[in-house]
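Asker: The file below is final.pdb, PDB, C-alpha atoms and all ligand atoms:
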```
ATOM      1  CA  MET R   1     -23.277  -1.865  59.079
ATOM      2  CA  ASN R   2     -19.776  -0.392  59.135
ATOM      3  CA  PHE R   3     -18.776   3.254  58.742
ATOM      4  CA  ILE R   4     -18.129   3.054  54.975
ATOM      5  CA  GLU R   5     -21.452   1.302  54.330
ATOM      6  CA  LYS R   6     -23.338   3.839  56.403
ATOM      7  CA  TYR R   7     -21.943   6.855  54.534
ATOM      8  CA  PHE R   8     -21.504   5.268  51.101
ATOM      9  CA  TRP R   9     -24.298   7.402  49.624
ATOM     10  CA  ILE R  10     -22.483  10.622  50.617
ATOM     11  CA  PHE R  11     -19.176   9.289  49.248
ATOM     12  CA  SER R  12     -20.688   8.185  45.939
ATOM     13  CA  THR R  13     -22.761  11.352  45.399
ATOM     14  CA  PHE R  14     -20.392  14.122  46.410
ATOM     15  CA  LEU R  15     -16.831  12.846  46.084
ATOM     16  CA  VAL R  16     -16.365  13.434  42.331
ATOM     17  CA  PRO R  17     -17.835  17.001  42.331
ATOM     18  CA  PHE R  18     -15.793  17.800  45.470
ATOM     19  CA  LEU R  19     -12.538  16.499  43.944
ATOM     20  CA  TYR R  20     -13.100  18.439  40.716
ATOM     21  CA  LEU R  21     -13.808  21.655  42.611
ATOM     22  CA  VAL R  22     -10.698  21.309  44.778
ATOM     23  CA  VAL R  23      -8.243  20.053  42.121
ATOM     24  CA  ALA R  24      -9.347  22.338  39.236
ATOM     25  CA  THR R  25      -9.469  25.404  41.509
ATOM     26  CA  ALA R  26      -6.036  24.585  42.995
ATOM     27  CA  PHE R  27      -4.474  24.167  39.512
ATOM     28  CA  TYR R  28      -6.115  27.393  38.328
ATOM     29  CA  PHE R  29      -5.087  29.376  41.400
ATOM     30  CA  VAL R  30      -1.446  28.250  41.350
ATOM     31  CA  LEU R  31      -0.845  28.383  37.568
ATOM     32  CA  TYR R  32      -3.067  31.267  36.454
ATOM     33  CA  VAL R  33      -3.100  33.578  39.489
ATOM     34  CA  TRP R  34      -0.394  33.003  42.111
ATOM     35  CA  LYS R  35       2.541  31.802  39.945
ATOM     36  CA  ASN R  36       1.202  33.129  36.655
ATOM     37  CA  LYS R  37       4.588  34.314  35.311
ATOM     38  CA  GLN R  38       6.836  31.699  36.900
ATOM     39  CA  PHE R  39       5.905  28.721  34.724
ATOM     40  CA  ASN R  40       5.585  30.547  31.387
ATOM     41  CA  LYS R  41       8.121  28.292  29.690
ATOM     42  CA  SER R  42       5.979  25.234  30.527
ATOM     43  CA  LYS R  43       2.824  26.620  28.869
ATOM     44  CA  THR R  44       1.512  24.387  26.105
ATOM     45  CA  GLN R  45       0.322  27.448  24.126
ATOM     46  CA  ALA R  46       1.845  30.925  24.310
ATOM     47  CA  ALA R  47      -1.505  32.771  24.230
ATOM     48  CA  GLN R  48      -3.184  33.693  27.515
ATOM     49  CA  VAL R  49      -6.565  32.147  28.316
ATOM     50  CA  GLU R  50      -9.376  34.717  27.951
ATOM     51  CA  VAL R  51     -11.568  35.556  30.974
ATOM     52  CA  SER R  52     -14.646  34.943  28.787
ATOM     53  CA  GLN R  53     -13.429  31.353  28.233
ATOM     54  CA  ILE R  54     -13.081  30.751  31.997
ATOM     55  CA  ASN R  55     -16.592  32.160  32.586
ATOM     56  CA  ARG R  56     -18.084  29.902  29.902
ATOM     57  CA  GLU R  57     -16.243  26.860  31.304
ATOM     58  CA  LEU R  58     -17.507  27.591  34.816
ATOM     59  CA  ILE R  59     -21.125  27.847  33.631
ATOM     60  CA  TYR R  60     -20.932  24.496  31.792
ATOM     61  CA  GLY R  61     -18.887  23.158  34.722
ATOM     62  CA  ILE R  62     -21.694  23.762  37.235
ATOM     63  CA  GLY R  63     -24.046  21.708  35.044
ATOM     64  CA  SER R  64     -21.418  18.929  34.778
ATOM     65  CA  LEU R  65     -20.930  18.834  38.576
ATOM     66  CA  ILE R  66     -24.701  18.447  39.130
ATOM     67  CA  ILE R  67     -24.808  15.610  36.564
ATOM     68  CA  PHE R  68     -21.751  13.932  38.157
ATOM     69  CA  ALA R  69     -23.492  14.066  41.560
ATOM     70  CA  ALA R  70     -26.694  12.557  40.096
ATOM     71  CA  MET R  71     -24.682   9.783  38.429
ATOM     72  CA  GLY R  72     -22.837   9.228  41.728
ATOM     73  CA  PHE R  73     -26.172   8.774  43.494
ATOM     74  CA  THR R  74     -27.081   6.231  40.795
ATOM     75  CA  VAL R  75     -23.920   4.338  41.827
ATOM     76  CA  PHE R  76     -25.245   4.277  45.405
ATOM     77  CA  LEU R  77     -28.699   3.064  44.258
ATOM     78  CA  LEU R  78     -27.124   0.239  42.233
ATOM     79  CA  TYR R  79     -25.127  -0.768  45.316
ATOM     80  CA  HIS R  80     -28.115  -0.424  47.670
ATOM     81  CA  TYR R  81     -30.381  -2.612  45.521
ATOM     82  CA  GLY R  82     -27.717  -5.254  44.991
ATOM     83  CA  TYR R  83     -26.866  -4.642  41.319
ATOM     84  CA  SER R  84     -23.237  -3.631  41.847
ATOM     85  CA  ARG R  85     -20.070  -5.594  42.563
ATOM     86  CA  VAL R  86     -18.929  -3.145  45.257
ATOM     87  CA  TYR R  87     -17.757  -5.080  48.316
ATOM     88  CA  MET R  88     -17.350  -3.729  51.833
ATOM     89  CA  ASN R  89     -15.082  -6.373  53.391
ATOM     90  CA  SER R  90     -11.565  -5.226  52.395
ATOM     91  CA  TRP R  91     -10.176  -8.790  52.507
ATOM     92  CA  GLN R  92     -12.894 -10.421  50.401
ATOM     93  CA  TYR R  93     -10.684 -10.666  47.287
ATOM     94  CA  GLY R  94      -7.288 -10.193  48.979
ATOM     95  CA  ILE R  95      -4.796  -7.341  48.986
ATOM     96  CA  VAL R  96      -3.366  -8.116  45.524
ATOM     97  CA  TYR R  97      -6.818  -7.831  43.931
ATOM     98  CA  PHE R  98      -7.405  -4.581  45.830
ATOM     99  CA  PHE R  99      -4.537  -2.938  43.887
ATOM    100  CA  LEU R 100      -5.370  -4.825  40.701
ATOM    101  CA  SER R 101      -8.935  -3.473  40.839
ATOM    102  CA  VAL R 102      -7.574   0.103  40.696
ATOM    103  CA  VAL R 103      -5.541  -0.793  37.576
ATOM    104  CA  LEU R 104      -8.570  -2.543  36.029
ATOM    105  CA  MET R 105     -10.754   0.522  36.605
ATOM    106  CA  ILE R 106      -8.147   2.790  34.974
ATOM    107  CA  LEU R 107      -7.801   0.486  31.945
ATOM    108  CA  PHE R 108     -11.584   0.134  31.641
ATOM    109  CA  HIS R 109     -12.078   3.904  31.819
ATOM    110  CA  ASP R 110      -9.288   4.496  29.282
ATOM    111  CA  MET R 111     -11.050   2.191  26.799
ATOM    112  CA  TYR R 112     -14.480   3.729  27.548
ATOM    113  CA  PHE R 113     -13.161   7.273  27.237
ATOM    114  CA  TYR R 114     -11.304   6.626  23.972
ATOM    115  CA  TRP R 115     -14.300   5.084  22.206
ATOM    116  CA  THR R 116     -16.966   7.488  23.514
ATOM    117  CA  HIS R 117     -14.634  10.350  22.603
ATOM    118  CA  ARG R 118     -14.273   8.964  19.060
ATOM    119  CA  LEU R 119     -18.083   8.679  18.880
ATOM    120  CA  LEU R 120     -18.427  12.309  19.997
ATOM    121  CA  HIS R 121     -16.196  13.372  17.102
ATOM    122  CA  LEU R 122     -18.508  11.828  14.480
ATOM    123  CA  PRO R 123     -20.428  14.347  12.328
ATOM    124  CA  GLY R 124     -23.659  15.347  14.066
ATOM    125  CA  TRP R 125     -22.492  14.269  17.514
ATOM    126  CA  TYR R 126     -19.617  16.729  17.293
ATOM    127  CA  GLN R 127     -21.664  19.760  16.197
ATOM    128  CA  ARG R 128     -24.541  19.096  18.602
ATOM    129  CA  ILE R 129     -22.602  17.972  21.689
ATOM    130  CA  HIS R 130     -18.806  17.770  21.783
ATOM    131  CA  SER R 131     -18.160  21.168  20.138
ATOM    132  CA  VAL R 132     -18.968  22.758  23.536
ATOM    133  CA  HIS R 133     -15.801  21.191  24.984
ATOM    134  CA  HIS R 134     -13.779  22.220  21.916
ATOM    135  CA  LEU R 135     -14.813  25.882  22.185
ATOM    136  CA  SER R 136     -11.686  25.987  24.386
ATOM    137  CA  SER R 137      -8.874  25.518  21.857
ATOM    138  CA  ASN R 138      -6.380  26.725  24.495
ATOM    139  CA  PRO R 139      -7.395  24.561  27.507
ATOM    140  CA  SER R 140      -7.463  25.629  31.149
ATOM    141  CA  PRO R 141      -8.028  23.537  34.319
ATOM    142  CA  PHE R 142     -11.761  24.329  34.088
ATOM    143  CA  THR R 143     -11.962  22.925  30.534
ATOM    144  CA  SER R 144     -11.895  19.552  32.331
ATOM    145  CA  LEU R 145     -15.521  20.283  33.356
ATOM    146  CA  ALA R 146     -16.776  22.208  30.318
ATOM    147  CA  PHE R 147     -19.140  19.689  28.720
ATOM    148  CA  HIS R 148     -22.532  19.769  27.042
ATOM    149  CA  PRO R 149     -24.937  18.083  29.533
ATOM    150  CA  VAL R 150     -25.325  15.064  27.212
ATOM    151  CA  GLU R 151     -21.530  14.604  27.144
ATOM    152  CA  ALA R 152     -21.382  14.961  30.949
ATOM    153  CA  ILE R 153     -23.947  12.115  31.191
ATOM    154  CA  ILE R 154     -22.008   9.947  28.700
ATOM    155  CA  GLN R 155     -18.709  10.518  30.532
ATOM    156  CA  ALA R 156     -20.121  10.013  34.035
ATOM    157  CA  ALA R 157     -21.977   6.843  32.965
ATOM    158  CA  VAL R 158     -18.664   5.001  33.138
ATOM    159  CA  LEU R 159     -18.963   4.854  36.949
ATOM    160  CA  PRO R 160     -22.276   2.938  37.241
ATOM    161  CA  LEU R 161     -21.189   0.749  34.306
ATOM    162  CA  MET R 162     -17.845   0.015  35.931
ATOM    163  CA  ILE R 163     -19.213  -0.973  39.335
ATOM    164  CA  VAL R 164     -21.607  -3.535  37.862
ATOM    165  CA  ILE R 165     -18.691  -5.164  35.988
ATOM    166  CA  ILE R 166     -15.586  -4.814  38.201
ATOM    167  CA  PRO R 167     -15.619  -5.922  41.864
ATOM    168  CA  ALA R 168     -14.208  -2.986  43.829
ATOM    169  CA  HIS R 169     -13.891  -1.831  47.442
ATOM    170  CA  PRO R 170     -14.938   1.822  48.100
ATOM    171  CA  PHE R 171     -11.352   2.703  49.037
ATOM    172  CA  ALA R 172     -10.078   1.321  45.707
ATOM    173  CA  ILE R 173     -12.793   3.396  43.971
ATOM    174  CA  PHE R 174     -11.577   6.399  45.996
ATOM    175  CA  VAL R 175      -7.966   5.921  44.782
ATOM    176  CA  PHE R 176      -9.193   5.491  41.194
ATOM    177  CA  LEU R 177     -11.342   8.660  41.368
ATOM    178  CA  ILE R 178      -8.458  10.760  42.700
ATOM    179  CA  TYR R 179      -6.295   9.611  39.781
ATOM    180  CA  MET R 180      -9.176  10.154  37.311
ATOM    181  CA  VAL R 181      -9.778  13.748  38.417
ATOM    182  CA  TYR R 182      -6.055  14.548  38.627
ATOM    183  CA  LYS R 183      -5.425  13.131  35.139
ATOM    184  CA  ASN R 184      -8.332  15.043  33.580
ATOM    185  CA  VAL R 185      -7.441  18.386  35.211
ATOM    186  CA  ARG R 186      -3.721  17.915  34.554
ATOM    187  CA  GLY R 187      -4.420  17.060  30.909
ATOM    188  CA  HIS R 188      -6.286  20.360  30.494
ATOM    189  CA  ALA R 189      -4.052  22.488  32.733
ATOM    190  CA  GLY R 190      -2.444  24.317  29.805
ATOM    191  CA  TYR R 191       1.015  23.466  31.184
ATOM    192  CA  GLU R 192       3.337  20.495  30.678
ATOM    193  CA  PHE R 193       5.691  19.859  33.592
ATOM    194  CA  THR R 194       7.123  16.459  32.654
ATOM    195  CA  ASN R 195      10.332  17.067  30.718
ATOM    196  CA  THR R 196      10.781  15.727  27.173
ATOM    197  CA  ALA R 197      13.334  13.015  28.086
ATOM    198  CA  LEU R 198      11.069  11.604  30.803
ATOM    199  CA  ARG R 199       7.966  11.785  28.563
ATOM    200  CA  GLN R 200       9.710   9.943  25.769
ATOM    201  CA  ASN R 201      11.347   7.074  27.644
ATOM    202  CA  LYS R 202      10.083   3.605  26.706
ATOM    203  CA  LEU R 203       7.528   3.168  29.520
ATOM    204  CA  ASN R 204       6.265   6.750  29.758
ATOM    205  CA  GLN R 205       5.585   6.860  26.012
ATOM    206  CA  LEU R 206       2.388   4.983  26.792
ATOM    207  CA  HIS R 207       1.129   7.782  29.068
ATOM    208  CA  SER R 208      -1.024  10.560  27.697
ATOM    209  CA  TYR R 209       0.399  13.905  28.803
ATOM    210  CA  ALA R 210      -1.012  17.449  28.819
ATOM    211  CA  ILE R 211       0.930  18.149  25.647
ATOM    212  CA  HIS R 212      -0.967  15.350  23.823
ATOM    213  CA  HIS R 213      -4.401  16.545  24.924
ATOM    214  CA  ASN R 214      -3.371  20.124  24.163
ATOM    215  CA  GLN R 215      -2.820  19.037  20.538
ATOM    216  CA  HIS R 216      -6.281  17.455  20.541
ATOM    217  CA  HIS R 217      -7.771  20.840  21.527
ATOM    218  CA  LEU R 218      -5.546  22.780  19.153
ATOM    219  CA  TYR R 219      -6.219  20.675  16.023
ATOM    220  CA  GLY R 220      -9.566  19.067  16.933
ATOM    221  CA  SER R 221      -8.352  15.573  16.002
ATOM    222  CA  HIS R 222      -5.933  12.809  17.127
ATOM    223  CA  ASN R 223      -4.896  11.921  20.707
ATOM    224  CA  TYR R 224      -8.360  10.931  21.958
ATOM    225  CA  GLY R 225      -7.052   8.994  25.008
ATOM    226  CA  LEU R 226      -7.277  10.086  28.635
ATOM    227  CA  TYR R 227      -4.720   8.055  30.621
ATOM    228  CA  PHE R 228      -2.664   6.319  27.940
ATOM    229  CA  THR R 229      -1.738   6.593  24.275
ATOM    230  CA  ILE R 230      -2.301   2.840  23.793
ATOM    231  CA  TRP R 231      -5.671   3.072  21.991
ATOM    232  CA  ASP R 232      -4.474   6.014  19.897
ATOM    233  CA  ARG R 233      -1.420   4.024  18.812
ATOM    234  CA  LEU R 234      -3.504   0.897  18.080
ATOM    235  CA  MET R 235      -6.105   2.826  16.082
ATOM    236  CA  LYS R 236      -3.522   5.072  14.329
ATOM    237  CA  THR R 237      -4.930   8.282  15.823
ATOM    238  CA  PHE R 238      -1.755   9.154  17.732
ATOM    239  CA  ARG R 239      -0.118  12.468  16.896
ATOM    240  CA  LYS R 240       3.461  13.016  18.017
ATOM    241  CA  GLU R 241       4.014  15.878  20.403
ATOM    242  CA  GLU R 242       5.192  19.231  19.063
ATOM    243  CA  GLY R 243       6.633  22.287  20.812
ATOM    244  CA  LEU R 244       8.085  22.557  24.322
TER     245      LEU R 244
HETATM  246 ZN    ZN R 301     -12.506  15.914  21.489
HETATM  247 ZN    ZN R 302     -10.372  18.016  26.482
END
```
Render the structure in this file as structure tokens.
Ligand SMILES: [Zn+2]
Ligand SMILES: [Zn+2]
Answerer:
Amino acid sequence: MNFIEKYFWIFSTFLVPFLYLVVATAFYFVLYVWKNKQFNKSKTQAAQVEVSQINRELIYGIGSLIIFAAMGFTVFLLYHYGYSRVYMNSWQYGIVYFFLSVVLMILFHDMYFYWTHRLLHLPGWYQRIHSVHHLSSNPSPFTSLAFHPVEAIIQAAVLPLMIVIIPAHPFAIFVFLIYMVYKNVRGHAGYEFTNTALRQNKLNQLHSYAIHHNQHHLYGSHNYGLYFTIWDRLMKTFRKEEGL
């Protein structure tokens, strides 16, 4: 049993909650406390985020972190009992597949997120579950964790689902999870740092930026994607960016 195998249960249970705590707190500290005034021109909405909103997001966030840890332990159990396609020998599928698996996980999650997000906007689902996330119409880094427990379960379920479908090495999963957490926190940060020309060049147009997700929170519709605008463009739910 190698080092990764031995500690895989710790990695799968605690990595996602740990990354969210570190990344969301770092974004909040830099943008809302330390350099609060410096980046004002990059804010996606002029209004300041209320303290009561941050408190509410933190309370829901604690519940989400516990659910993410439980779902992470489920990932370990699936691996332990032989139901997953996680592999421990880095060279089993070659170096090209190693990088390809990260791309596959991102594309899979983008599809999963888009369609579960659309489902959560259906009447009934929205009022009972997803409205908790939309209480924050002016998002902050902690909005990335502010979910009704049922939504936290739906969103975290992508990880066990993914590892029974896509063969992946723990280090590839690690790279994917860092990008996942960064993209979610960045999308809710309340600031857009990529300039308009860069956002709108041919290739970057397919990326979903903070400004797109900000519009989703502001209007409660359109721009349902997490990583890319591909599904929004295909399904005609894309809304062009405004402001900034
Ligand atoms: Zn939504
Ligand atoms: Zn959101």
Asker: I need every residue sitting at most 8 Å from the point (-20.2, 12.6, 43.0) (coordinates as in the file, all atoms listed in the file considered), written as a ChimeraX atom specification.
Answerer: /R:11-18,65,68-73
Asker: Any chance you could work out the residue set of the PyMOL selection byres (((not hetatm)) within 10 of (chain R and resi 301)) here, as a CSV table (one decimal) with C-alpha atoms, keeping the file's coordinate frame?
Answerer:
```csv
chain,number,residue,atom,x,y,z
R,114,TYR,CA,-11.3,6.6,24.0
R,116,THR,CA,-17.0,7.5,23.5
R,117,HIS,CA,-14.6,10.4,22.6
R,118,ARG,CA,-14.3,9.0,19.1
R,119,LEU,CA,-18.1,8.7,18.9
R,120,LEU,CA,-18.4,12.3,20.0
R,121,HIS,CA,-16.2,13.4,17.1
R,126,TYR,CA,-19.6,16.7,17.3
R,130,HIS,CA,-18.8,17.8,21.8
R,131,SER,CA,-18.2,21.2,20.1
R,132,VAL,CA,-19.0,22.8,23.5
R,133,HIS,CA,-15.8,21.2,25.0
R,134,HIS,CA,-13.8,22.2,21.9
R,213,HIS,CA,-4.4,16.5,24.9
R,216,HIS,CA,-6.3,17.5,20.5
R,217,HIS,CA,-7.8,20.8,21.5
R,219,TYR,CA,-6.2,20.7,16.0
R,220,GLY,CA,-9.6,19.1,16.9
R,221,SER,CA,-8.4,15.6,16.0
R,222,HIS,CA,-5.9,12.8,17.1
R,223,ASN,CA,-4.9,11.9,20.7
R,224,TYR,CA,-8.4,10.9,22.0
R,225,GLY,CA,-7.1,9.0,25.0
```
Asker: For the PyMOL selection byres (((chain R and resi 195) around 12) and not hetatm), applied here, can you spell out every residue it catches as a list in words?
Answerer: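 That expression, the PyMOL selection byres (((chain R and resi 195) around 12) and not hetatm), corresponds here to Lys41, Ser42, Tyr191, Glu192, Phe193, Thr194, Thr196, Ala197, Leu198, Arg199, Gln200, Asn201, Asn204, Tyr209, Ala210, Ile211, Gly243 and Leu244 of chain R.
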Asker: What's the separation between atom CA of Leu77 of chain R and atom CA of Leu145 of chain R, in Å to one decimal place?
Answerer: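 Calculated distance between atom CA of Leu77 of chain R and atom CA of Leu145 of chain R is 24.3 Å.
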Asker: What is the distance, in Å and to one decimal place, between atom CA of Ile178 of chain R and atom CA of Val23 of chain R?
Answerer: 9.3 Å
Asker: As a check of understanding, name the residues that the PyMOL selection byres (((chain R and resi 154) around 10) and not hetatm) selects in the supplied structure, as a ChimeraX atom specification.
Answerer: /R:112-113,116-117,120,148-153,155-158
Asker: How about saving the chosen residues, C-alpha atoms kept, as a compact mmCIF listing (two decimals), in the coordinates of the input?
Answerer:
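Wrote part-v6.txt, looks like this:
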```
# COMPACT_ATOMS: atom_id res chain seq x y z
CA TYR R 112 -14.48 3.73 27.55
CA PHE R 113 -13.16 7.27 27.24
CA THR R 116 -16.97 7.49 23.51
CA HIS R 117 -14.63 10.35 22.60
CA LEU R 120 -18.43 12.31 20.00
CA HIS R 148 -22.53 19.77 27.04
CA PRO R 149 -24.94 18.08 29.53
CA VAL R 150 -25.32 15.06 27.21
CA GLU R 151 -21.53 14.60 27.14
CA ALA R 152 -21.38 14.96 30.95
CA ILE R 153 -23.95 12.12 31.19
CA GLN R 155 -18.71 10.52 30.53
CA ALA R 156 -20.12 10.01 34.03
CA ALA R 157 -21.98 6.84 32.97
CA VAL R 158 -18.66 5.00 33.14
```
Asker: Find the spatial neighbours of Tyr93 of chain R, counting only C-alpha atoms, within a cut-off of 12 Å - ignore same-chain residues fewer than 6 positions away - and output them as JSON, numbers by chain.
Answerer: {"R": [85, 86, 87, 99, 100, 101, 166, 167, 168, 169]}
Asker: By how many Å are atom CA of Tyr179 of chain R and atom CA of Glu241 of chain R apart?
Answerer: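 Atom CA of Tyr179 of chain R sits 22.8 Å away from atom CA of Glu241 of chain R.
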Asker: Which residue is closest to ligand ZN 302 (chain R)? Choose from R:His188, R:His80, R:Lys240, R:Lys37 and count all atoms listed in the file.
Answerer: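 Among the listed residues, R:His188 lies closest to ligand ZN 302 (chain R).
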Asker: Just checking: using all atoms listed in the file, which residue out of R:Ala189, R:Ile165, R:Leu226, R:Leu122 ends up closest to His109 of chain R?
Answerer: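 Of R:Ala189, R:Ile165, R:Leu226, R:Leu122, the one nearest His109 of chain R is R:Leu226, counting all atoms listed in the file.
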Asker: I'd like to know which of R:Glu242, R:Lys236, R:Pro170, R:Pro141 is closest to ligand ZN 302 (chain R), using only C-alpha atoms and all ligand atoms.
Answerer: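 With only C-alpha atoms and all ligand atoms as the atom set, the closest residue is R:Pro141.
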